[in-house]
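The data block below is entry_13.pdb; it holds PDB, C-alpha atoms, pLDDT in the B column.
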```pdb
ATOM      1  CA  MET S   1     -18.166  29.874  -8.291  1.00 38.00           C
ATOM      2  CA  LYS S   2     -20.509  26.880  -8.526  1.00 39.00           C
ATOM      3  CA  TYR S   3     -18.278  25.360 -11.248  1.00 38.00           C
ATOM      4  CA  LEU S   4     -15.338  25.470  -8.856  1.00 37.00           C
ATOM      5  CA  PHE S   5     -17.431  23.646  -6.253  1.00 39.00           C
ATOM      6  CA  PHE S   6     -18.411  20.897  -8.717  1.00 39.00           C
ATOM      7  CA  PHE S   7     -14.823  20.503  -9.920  1.00 41.00           C
ATOM      8  CA  THR S   8     -13.504  20.295  -6.358  1.00 41.00           C
ATOM      9  CA  ALA S   9     -16.240  17.871  -5.283  1.00 41.00           C
ATOM     10  CA  GLY S  10     -15.599  15.706  -8.350  1.00 42.00           C
ATOM     11  CA  PHE S  11     -11.864  15.652  -7.696  1.00 43.00           C
ATOM     12  CA  LEU S  12     -12.327  14.656  -4.047  1.00 43.00           C
ATOM     13  CA  ILE S  13     -14.792  11.910  -4.923  1.00 43.00           C
ATOM     14  CA  SER S  14     -12.529  10.511  -7.655  1.00 43.00           C
ATOM     15  CA  SER S  15      -9.461  10.539  -5.388  1.00 45.00           C
ATOM     16  CA  ILE S  16     -11.357   8.716  -2.650  1.00 46.00           C
ATOM     17  CA  SER S  17     -12.775   6.074  -4.988  1.00 46.00           C
ATOM     18  CA  PHE S  18      -9.378   4.940  -6.347  1.00 55.00           C
ATOM     19  CA  GLY S  19      -7.078   3.487  -3.714  1.00 74.00           C
ATOM     20  CA  GLN S  20      -3.788   1.715  -3.577  1.00 81.00           C
ATOM     21  CA  ARG S  21      -3.281  -1.823  -4.900  1.00 83.00           C
ATOM     22  CA  VAL S  22      -0.875  -4.505  -3.781  1.00 85.00           C
ATOM     23  CA  THR S  23      -0.278  -7.011  -6.568  1.00 85.00           C
ATOM     24  CA  ASN S  24       2.233  -9.635  -7.696  1.00 86.00           C
ATOM     25  CA  VAL S  25       2.939 -10.872  -4.146  1.00 85.00           C
ATOM     26  CA  ARG S  26       5.634 -13.572  -4.207  1.00 85.00           C
ATOM     27  CA  ALA S  27       7.348 -15.611  -1.492  1.00 81.00           C
ATOM     28  CA  ALA S  28      10.588 -17.575  -1.909  1.00 83.00           C
ATOM     29  CA  MET S  29      13.131 -19.194   0.394  1.00 82.00           C
ATOM     30  CA  ASP S  30      16.463 -17.378   0.656  1.00 81.00           C
ATOM     31  CA  GLY S  31      18.597 -19.698   2.796  1.00 85.00           C
ATOM     32  CA  THR S  32      16.831 -19.806   6.164  1.00 85.00           C
ATOM     33  CA  ASN S  33      14.815 -16.663   5.433  1.00 82.00           C
ATOM     34  CA  VAL S  34      11.618 -16.126   3.487  1.00 81.00           C
ATOM     35  CA  LYS S  35      11.846 -13.342   0.904  1.00 85.00           C
ATOM     36  CA  ILE S  36       8.527 -11.670   0.103  1.00 85.00           C
ATOM     37  CA  THR S  37       8.281  -9.182  -2.753  1.00 86.00           C
ATOM     38  CA  TYR S  38       5.296  -7.218  -4.042  1.00 87.00           C
ATOM     39  CA  ASP S  39       4.211  -4.380  -6.310  1.00 88.00           C
ATOM     40  CA  LEU S  40       2.522  -1.365  -4.725  1.00 88.00           C
ATOM     41  CA  GLU S  41       0.480   0.912  -6.984  1.00 88.00           C
ATOM     42  CA  SER S  42      -1.106   4.237  -6.084  1.00 86.00           C
ATOM     43  CA  PRO S  43      -2.883   6.849  -8.186  1.00 83.00           C
ATOM     44  CA  GLY S  44      -1.568   9.657  -5.968  1.00 80.00           C
ATOM     45  CA  ILE S  45       1.743  11.377  -6.575  1.00 83.00           C
ATOM     46  CA  GLY S  46       4.015  11.357  -3.546  1.00 85.00           C
ATOM     47  CA  ASP S  47       1.849   8.927  -1.555  1.00 85.00           C
ATOM     48  CA  LEU S  48       3.589   7.097   1.284  1.00 87.00           C
ATOM     49  CA  PHE S  49       2.250   3.957   2.935  1.00 87.00           C
ATOM     50  CA  GLU S  50       2.662   1.874   6.053  1.00 85.00           C
ATOM     51  CA  ILE S  51       3.224  -1.798   5.250  1.00 85.00           C
ATOM     52  CA  SER S  52       2.926  -4.589   7.836  1.00 84.00           C
ATOM     53  CA  LEU S  53       3.433  -8.330   7.477  1.00 81.00           C
ATOM     54  CA  LEU S  54       1.132 -10.589   9.483  1.00 81.00           C
ATOM     55  CA  GLY S  55       1.423 -14.327  10.083  1.00 80.00           C
ATOM     56  CA  ASP S  56      -1.041 -17.012  11.032  1.00 79.00           C
ATOM     57  CA  HIS S  57       1.129 -18.174  13.956  1.00 78.00           C
ATOM     58  CA  ASN S  58      -0.745 -15.650  16.153  1.00 80.00           C
ATOM     59  CA  ASN S  59      -4.012 -15.591  14.185  1.00 83.00           C
ATOM     60  CA  PHE S  60      -2.971 -12.432  12.271  1.00 81.00           C
ATOM     61  CA  THR S  61      -3.263 -10.266  15.397  1.00 84.00           C
ATOM     62  CA  ASP S  62       0.171  -8.567  15.502  1.00 82.00           C
ATOM     63  CA  PRO S  63       2.677  -7.750  12.755  1.00 83.00           C
ATOM     64  CA  LEU S  64       5.890  -9.761  12.506  1.00 78.00           C
ATOM     65  CA  LYS S  65       8.817  -8.009  14.181  1.00 81.00           C
ATOM     66  CA  LEU S  66      11.978  -9.576  12.709  1.00 81.00           C
ATOM     67  CA  VAL S  67      11.586  -8.246   9.166  1.00 82.00           C
ATOM     68  CA  SER S  68      13.577  -5.983   6.871  1.00 83.00           C
ATOM     69  CA  GLY S  69      13.169  -4.311   3.505  1.00 85.00           C
ATOM     70  CA  ALA S  70      10.225  -2.324   2.165  1.00 87.00           C
ATOM     71  CA  ILE S  71       8.147  -2.575   5.324  1.00 86.00           C
ATOM     72  CA  GLY S  72       7.082  -0.100   7.972  1.00 85.00           C
ATOM     73  CA  ARG S  73       6.211   3.569   7.486  1.00 87.00           C
ATOM     74  CA  GLY S  74       7.081   5.825   4.574  1.00 89.00           C
ATOM     75  CA  ILE S  75       7.011   3.189   1.804  1.00 87.00           C
ATOM     76  CA  LYS S  76       6.761   4.628  -1.703  1.00 89.00           C
ATOM     77  CA  PRO S  77       4.845   2.798  -4.450  1.00 89.00           C
ATOM     78  CA  GLY S  78       6.919   0.720  -6.856  1.00 88.00           C
ATOM     79  CA  LYS S  79       7.620  -2.711  -8.298  1.00 92.00           C
ATOM     80  CA  ASP S  80       9.490  -5.611  -6.688  1.00 88.00           C
ATOM     81  CA  LEU S  81       9.539  -4.014  -3.234  1.00 87.00           C
TER      82      LEU S  81
END
```

Let me see the file written as structure tokens.
Amino acid sequence: MKYLFFFTAGFLISSISFGQRVTNVRAAMDGTNVKITYDLESPGIGDLFEISLLGDHNNFTDPLKLVSGAIGRGIKPGKDL
């Protein structure tokens, strides 16, 4: 029984210590719009994330509202999102 406890405790600690990573963030003009792409990595299988885009026009206090693409709730990890 104590081995099960140590295994479970070790698994929980390892899953907490490794989080998601956002890498390869790129911004480019697409006509009058700005296209932002990124890679989202996660060690968990089936993880879903909430992604927000903030701007310095309001001192990063509220997310931008007129956006589309891989943003909002339920975003799965992947490349070139």

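Taking atom CA of S:Asp62 and atom CA of S:Pro43 as the two end points, the separation is 28.4 Å.
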
Evaluate the PyMOL selection byres ((chain S and resi 44) around 9) and report residues as number ranges by chain: S: 15, 19-20, 42-43, 45-47

Run the PyMOL selection byres ((chain S and resi 77) around 6) mentally over the shown coordinates, then write out the matched residues as a list of chain:residue names, using the chain letters and numbers from the document. S:Leu40, S:Glu41, S:Lys76, S:Gly78

Pull C-alpha atoms from the residues just selected and write them as a short mmCIF file (atom, residue, chain, number, x, y, z; two decimals), keeping the file's coordinate frame.
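Here's the written file out_37.cif:
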```cif
data_model
loop_
_atom_site.label_atom_id
_atom_site.label_comp_id
_atom_site.auth_asym_id
_atom_site.auth_seq_id
_atom_site.Cartn_x
_atom_site.Cartn_y
_atom_site.Cartn_z
CA LEU S 40 2.52 -1.36 -4.72
CA GLU S 41 0.48 0.91 -6.98
CA LYS S 76 6.76 4.63 -1.70
CA GLY S 78 6.92 0.72 -6.86
#
```

For the file shown, what are the residues hit by the PyMOL selection byres ((chain S and resi 38) around 7), laid out as a list in words? Val22, Thr23, Asn24, Val25, Arg26, Ile36, Thr37, Asp39, Leu40, Lys79, Asp80 and Leu81 of chain S
